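Notes follow the structure.
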Amino acid sequence: MDTFKTLPHTNLRVSPLMLGCNVFAWTINENESFKILDAFSGAGFNFIDTADSYPRWAPGNVGGESETIIGNWMKQKKNRNQIIVSTKVGSDMGNGRKGLKGDYIKAAANDSLKRLQIDYIDLYFAHHDDPETPVEETITAFNELIHEGKVRYIGASNLSAERIKASNDFAAKNGMKGYVCLQPLYNLYSREKFEKEYLPLVKEQSLGVTPYYSLASGFLTGKYRSEKDFDKSARGHGMKKYMDDRGKFILKAMDEIAAQKNITLAEIAIAWLLQKPYITAAIASATSAKQLDQLIKATRVQLSTEEMRQLDTASTP
């Protein structure tokens with residue numbers, strides 16, 4: 001079963017799972033990261049997600065460490081042509097380096113290319129909005145990078161639907177390339193903002209969608225059932241916000257389906273996303289071969305119409 005899709009408005013054929021590389025140089029080192037990348041590409045998958053700021057938040061890091069690891073791996077494997085590389089610009093890199101001003105975008109792209117040891121970025125995202133910079137300036141800079149062959153396509157994460165539309169209207173009027181892909185927060189628990197604010201625009205402009213936090217930082221794996229589970233991982237203490245009645249209701253529906261199909265909750269959470277017609281690929285990260293194996297299995301899970309309805313109902317905002 002070929003579950004690859006063509007990212008709308010592009011010639012990129014991408015795997016249904018987009019490997020989140022924010023954990024590289026944070027919770028796993030370079031050697032462990034290489035093993036995850038090997039297993040991911042060994043399974044025939046090709047779509048990887050990083051950002052210039054990953055993982056700047058980890059002690060001792062300055063940002064760019066994830067890109068550096070990916071660059072070292074592609075150089076060692078000589079597999080650049082088989083990998084669809086997505087990275088981002090706009091997050092705070094310290095010393096005033098952030099935002100979406102034209103000159104900054106171009107400088108940041110060059111820095112990312114150096115760390116990744118490549119000539120072009122397949123999909124370059126505006127990571128966070130920069131309200132002080134007009135969308136015209138940002139889109140023009142992105143298009144200069146496209147014209148120079150340093151970027152193939154552009155996407156937007158964490159920008160309002162209104163700003164994305166304004167950007168694409170400007171691009172269309174001026175014969176430029178607009179955003180082809182949206183990277184929103186979207187999962188079984190966090191549905192409302194995406195479905196209300198972004199989905200109409202996605203449908204209207206046929207945008208690709210690659211949601212982040214597909215597993216709600218691990219909540220949808222079912223490993224956090226009460227506050228005493230919070231110490232299970234570095235992200236555990238962020239789970240409190242999911243522990244409401246709705247969160248428990250979602251896990252209950254997932255538990256029922258998991259028991260019937262003999263699959264994990266992580267597989268259900270990813271499969272639910274991938275069966276939504278507007279989703280191109282789901283982003284998830286893995287810190288072990290076992291976790292990655294679950295994510296890969298999820299891309300082969302087929303939920304019935306009734307099971308999708310059960311999950312939709314349990315997770316209705």
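Within each chain, counting starts at residue 1; across the structure tokens, chains are named A, B, ... in the order shown, with ligands numbered 1 upward in that order.
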Which residues, written as a ChimeraX atom specification, have at least one atom at most 7 Å from Tyr153 of chain A, with only C-alpha atoms counted and residues fewer than 5 positions away on the same chain left out?
-> /A:122-124
File dump, residues just selected, C-alpha atoms, as an mmCIF file, in the first residue's frame:
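Output (out-v1.cif):
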```cif
data_model
loop_
_atom_site.group_PDB
_atom_site.id
_atom_site.type_symbol
_atom_site.label_atom_id
_atom_site.label_comp_id
_atom_site.auth_asym_id
_atom_site.auth_seq_id
_atom_site.Cartn_x
_atom_site.Cartn_y
_atom_site.Cartn_z
ATOM 1 C CA ASP A 122 13.013 21.276 0.171
ATOM 2 C CA LEU A 123 10.442 22.938 2.418
ATOM 3 C CA TYR A 124 11.279 26.077 4.406
#
```
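Within 10 Å of Ala266 of chain A, once only C-alpha atoms are used and residues closer than 6 positions along the same chain are dropped, the contacting residues are Ser214, Leu215, Gly218, Phe219, Leu220, Thr221, Gly222, Lys223, Met254, Ala258, Trp272, Ala284, Gln291, Gln294, Leu295, Lys297 and Ala298 of chain A.
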For the atom pair atom CA of Lys98 of chain A and atom CA of Leu145 of chain A, what is the interatomic distance in Å to one decimal place?
->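 These two atoms are separated by 17.6 Å.
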Go through segment 57-167 of chain A and flag each residue having an atom no more than 8 Å from segment 12-30 of chain A; for those, report the closest pair of atoms plus their distance in Å to one decimal, using only C-alpha atoms, ordered by chain and rising number, as CSV.
```
residue,atom,partner,partner_atom,distance
A:Ala58,CA,A:Trp26,CA,5.7
A:Glu65,CA,A:Ala25,CA,6.2
A:Ser66,CA,A:Phe24,CA,5.2
A:Ile69,CA,A:Glu30,CA,6.0
A:Ile84,CA,A:Val14,CA,7.2
```
Please save C-alpha atoms of the selected residues as a PDB file, in the first residue's frame.
```
ATOM      1  CA  ALA A  58      18.510  22.206  26.156  1.00  0.00           C
ATOM      2  CA  GLU A  65      22.302  21.151  16.828  1.00  0.00           C
ATOM      3  CA  SER A  66      19.476  19.121  15.285  1.00  0.00           C
ATOM      4  CA  ILE A  69      23.166  16.010  13.261  1.00  0.00           C
ATOM      5  CA  ILE A  84      12.818  15.604   1.879  1.00  0.00           C
TER       6      ILE A  84
END
```
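Atom pair atom CA of Gly64 of chain A / atom CA of Gly208 of chain A has a distance of 25.5 Å (rounded to one decimal).
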Excluding Tyr120 of chain A and any residue of its chain fewer than 5 positions from it, enumerate the residues within 10 Å of it, using only C-alpha atoms, and give them as a PyMOL selection string.
-> chain A and resi 85+109-110+112-113+145-146+148-152
Of the listed residues A:Ile70, A:Ile296, A:Val209, A:Met93, that which approaches Lys276 of chain A most closely, counting only C-alpha atoms | A:Val209
Write down as a ChimeraX atom specification the residues of segment 105-187 of chain A whose backbone DSSP state falls under alpha helix (DSSP H).
-> /A:105-116,135-147,161-173
N, CA and C atoms of the current selection, written as a compact mmCIF listing (two decimals), in the first residue's frame:
```
# COMPACT_ATOMS: atom_id res chain seq x y z
N ILE A 105 15.92 36.41 7.14
CA ILE A 105 15.53 35.12 6.55
C ILE A 105 16.65 34.59 5.66
N LYS A 106 17.23 35.48 4.86
CA LYS A 106 18.28 35.03 3.92
C LYS A 106 19.54 34.58 4.66
N ALA A 107 19.91 35.32 5.70
CA ALA A 107 21.08 34.94 6.50
C ALA A 107 20.83 33.62 7.23
N ALA A 108 19.63 33.47 7.80
CA ALA A 108 19.29 32.24 8.55
C ALA A 108 19.26 31.03 7.62
N ALA A 109 18.76 31.24 6.40
CA ALA A 109 18.73 30.12 5.43
C ALA A 109 20.15 29.66 5.12
N ASN A 110 21.05 30.60 4.92
CA ASN A 110 22.45 30.23 4.64
C ASN A 110 23.06 29.46 5.81
N ASP A 111 22.74 29.90 7.03
CA ASP A 111 23.24 29.19 8.22
C ASP A 111 22.70 27.76 8.28
N SER A 112 21.40 27.61 7.99
CA SER A 112 20.79 26.27 8.01
C SER A 112 21.41 25.38 6.94
N LEU A 113 21.63 25.94 5.75
CA LEU A 113 22.24 25.16 4.66
C LEU A 113 23.63 24.66 5.05
N LYS A 114 24.38 25.52 5.74
CA LYS A 114 25.74 25.13 6.18
C LYS A 114 25.66 23.98 7.18
N ARG A 115 24.76 24.12 8.18
CA ARG A 115 24.66 23.08 9.20
C ARG A 115 24.17 21.76 8.59
N LEU A 116 23.23 21.86 7.66
CA LEU A 116 22.68 20.67 7.02
C LEU A 116 23.61 20.11 5.94
N VAL A 135 3.95 41.16 5.53
CA VAL A 135 4.01 39.85 4.84
C VAL A 135 4.69 39.99 3.48
N GLU A 136 4.58 41.17 2.86
CA GLU A 136 5.19 41.40 1.54
C GLU A 136 6.71 41.22 1.60
N GLU A 137 7.31 41.73 2.68
CA GLU A 137 8.77 41.64 2.83
C GLU A 137 9.20 40.18 3.02
N THR A 138 8.45 39.46 3.85
CA THR A 138 8.77 38.06 4.13
C THR A 138 8.65 37.21 2.87
N ILE A 139 7.52 37.34 2.17
CA ILE A 139 7.29 36.54 0.96
C ILE A 139 8.33 36.87 -0.12
N THR A 140 8.68 38.14 -0.23
CA THR A 140 9.69 38.53 -1.22
C THR A 140 11.02 37.87 -0.93
N ALA A 141 11.42 37.86 0.35
CA ALA A 141 12.69 37.23 0.74
C ALA A 141 12.67 35.73 0.46
N PHE A 142 11.57 35.07 0.82
CA PHE A 142 11.45 33.64 0.54
C PHE A 142 11.58 33.38 -0.97
N ASN A 143 10.95 34.24 -1.76
CA ASN A 143 11.00 34.03 -3.21
C ASN A 143 12.38 34.30 -3.80
N GLU A 144 13.13 35.19 -3.17
CA GLU A 144 14.52 35.40 -3.62
C GLU A 144 15.33 34.13 -3.37
N LEU A 145 15.09 33.48 -2.23
CA LEU A 145 15.77 32.21 -1.93
C LEU A 145 15.36 31.12 -2.93
N ILE A 146 14.07 31.10 -3.29
CA ILE A 146 13.59 30.13 -4.29
C ILE A 146 14.27 30.40 -5.64
N HIS A 147 14.33 31.68 -6.00
CA HIS A 147 14.95 32.08 -7.28
C HIS A 147 16.43 31.69 -7.32
N ALA A 161 -4.32 32.32 10.24
CA ALA A 161 -4.88 32.04 8.91
C ALA A 161 -4.96 33.33 8.10
N GLU A 162 -5.26 34.41 8.80
CA GLU A 162 -5.39 35.72 8.14
C GLU A 162 -4.05 36.15 7.50
N ARG A 163 -2.97 35.95 8.25
CA ARG A 163 -1.63 36.34 7.74
C ARG A 163 -1.18 35.42 6.60
N ILE A 164 -1.54 34.14 6.71
CA ILE A 164 -1.17 33.21 5.63
C ILE A 164 -1.92 33.60 4.36
N LYS A 165 -3.20 33.91 4.50
CA LYS A 165 -4.00 34.30 3.34
C LYS A 165 -3.45 35.59 2.71
N ALA A 166 -3.13 36.56 3.56
CA ALA A 166 -2.57 37.83 3.05
C ALA A 166 -1.25 37.58 2.31
N SER A 167 -0.44 36.69 2.85
CA SER A 167 0.85 36.35 2.22
C SER A 167 0.62 35.73 0.84
N ASN A 168 -0.32 34.78 0.78
CA ASN A 168 -0.56 34.07 -0.48
C ASN A 168 -1.27 34.95 -1.50
N ASP A 169 -2.10 35.87 -1.03
CA ASP A 169 -2.74 36.83 -1.95
C ASP A 169 -1.68 37.71 -2.60
N PHE A 170 -0.73 38.19 -1.78
CA PHE A 170 0.36 39.03 -2.29
C PHE A 170 1.20 38.24 -3.30
N ALA A 171 1.52 36.99 -2.95
CA ALA A 171 2.33 36.15 -3.85
C ALA A 171 1.63 35.96 -5.19
N ALA A 172 0.33 35.64 -5.13
CA ALA A 172 -0.43 35.38 -6.36
C ALA A 172 -0.50 36.62 -7.25
N LYS A 173 -0.70 37.78 -6.63
CA LYS A 173 -0.79 39.04 -7.40
C LYS A 173 0.51 39.41 -8.08
```
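Proximity to Lys177 of chain A was assessed for A:Leu251, A:Val301, A:Ile48, A:Ile154 counting only C-alpha atoms; the smallest distance is recorded for A:Ile154.
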Got a sec to tell me which of segment 145-294 of chain A DSSP assigns to strand (DSSP E or B), as a PyMOL selection string?
-> chain A and resi 151-157+179-183+185+208-209+212+282-284
Point-to-point distance from atom CA of Ser91 of chain A to atom CA of Pro131 of chain A, Å rounded to tenths |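 One can read the atom CA of Ser91 of chain A to atom CA of Pro131 of chain A distance as 13.1 Å.
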Compile the contact shell of segment 201-204 of chain A as number ranges by chain: residues with an atom at most 12 Å away, counting only C-alpha atoms, same-chain residues fewer than 2 positions apart removed.
-> A: 8, 156, 160-166, 168, 179-184, 194-199, 206-210, 277-280
Keeping only C-alpha atoms, write those residues as a short mmCIF file (atom, residue, chain, number, x, y, z; two decimals), in the first residue's frame.
```cif
data_model
loop_
_atom_site.label_atom_id
_atom_site.label_comp_id
_atom_site.auth_asym_id
_atom_site.auth_seq_id
_atom_site.Cartn_x
_atom_site.Cartn_y
_atom_site.Cartn_z
CA PRO A 8 -0.01 20.03 -2.83
CA ALA A 156 3.92 28.43 7.53
CA SER A 160 -2.67 33.16 11.80
CA ALA A 161 -4.88 32.04 8.91
CA GLU A 162 -5.39 35.72 8.14
CA ARG A 163 -1.63 36.34 7.74
CA ILE A 164 -1.17 33.21 5.63
CA LYS A 165 -4.00 34.30 3.34
CA ALA A 166 -2.57 37.83 3.05
CA ASN A 168 -0.56 34.07 -0.48
CA TYR A 179 2.95 29.04 1.26
CA VAL A 180 2.07 25.52 0.11
CA CYS A 181 1.95 23.85 3.50
CA LEU A 182 0.69 24.57 6.99
CA GLN A 183 2.28 23.10 10.11
CA PRO A 184 -0.32 23.56 12.87
CA PHE A 194 -7.21 24.18 13.58
CA GLU A 195 -10.69 23.11 12.53
CA LYS A 196 -12.23 26.55 13.08
CA GLU A 197 -9.46 28.91 12.02
CA TYR A 198 -7.30 27.01 9.52
CA LEU A 199 -9.33 24.26 7.88
CA SER A 206 -5.54 23.19 -1.19
CA LEU A 207 -2.68 23.53 1.29
CA GLY A 208 -0.67 20.61 2.60
CA VAL A 209 -1.00 20.00 6.35
CA THR A 210 1.71 18.47 8.55
CA PRO A 277 -8.39 13.75 3.97
CA TYR A 278 -6.73 17.12 4.52
CA ILE A 279 -3.65 15.75 6.37
CA THR A 280 -0.52 15.20 4.26
#
```
Residue with the minimum atom-to-atom distance to Ala51 of chain A, picked from A:Asn79, A:Ser33, A:Ser86, A:Ser217 with only C-alpha atoms counted, is A:Ser86
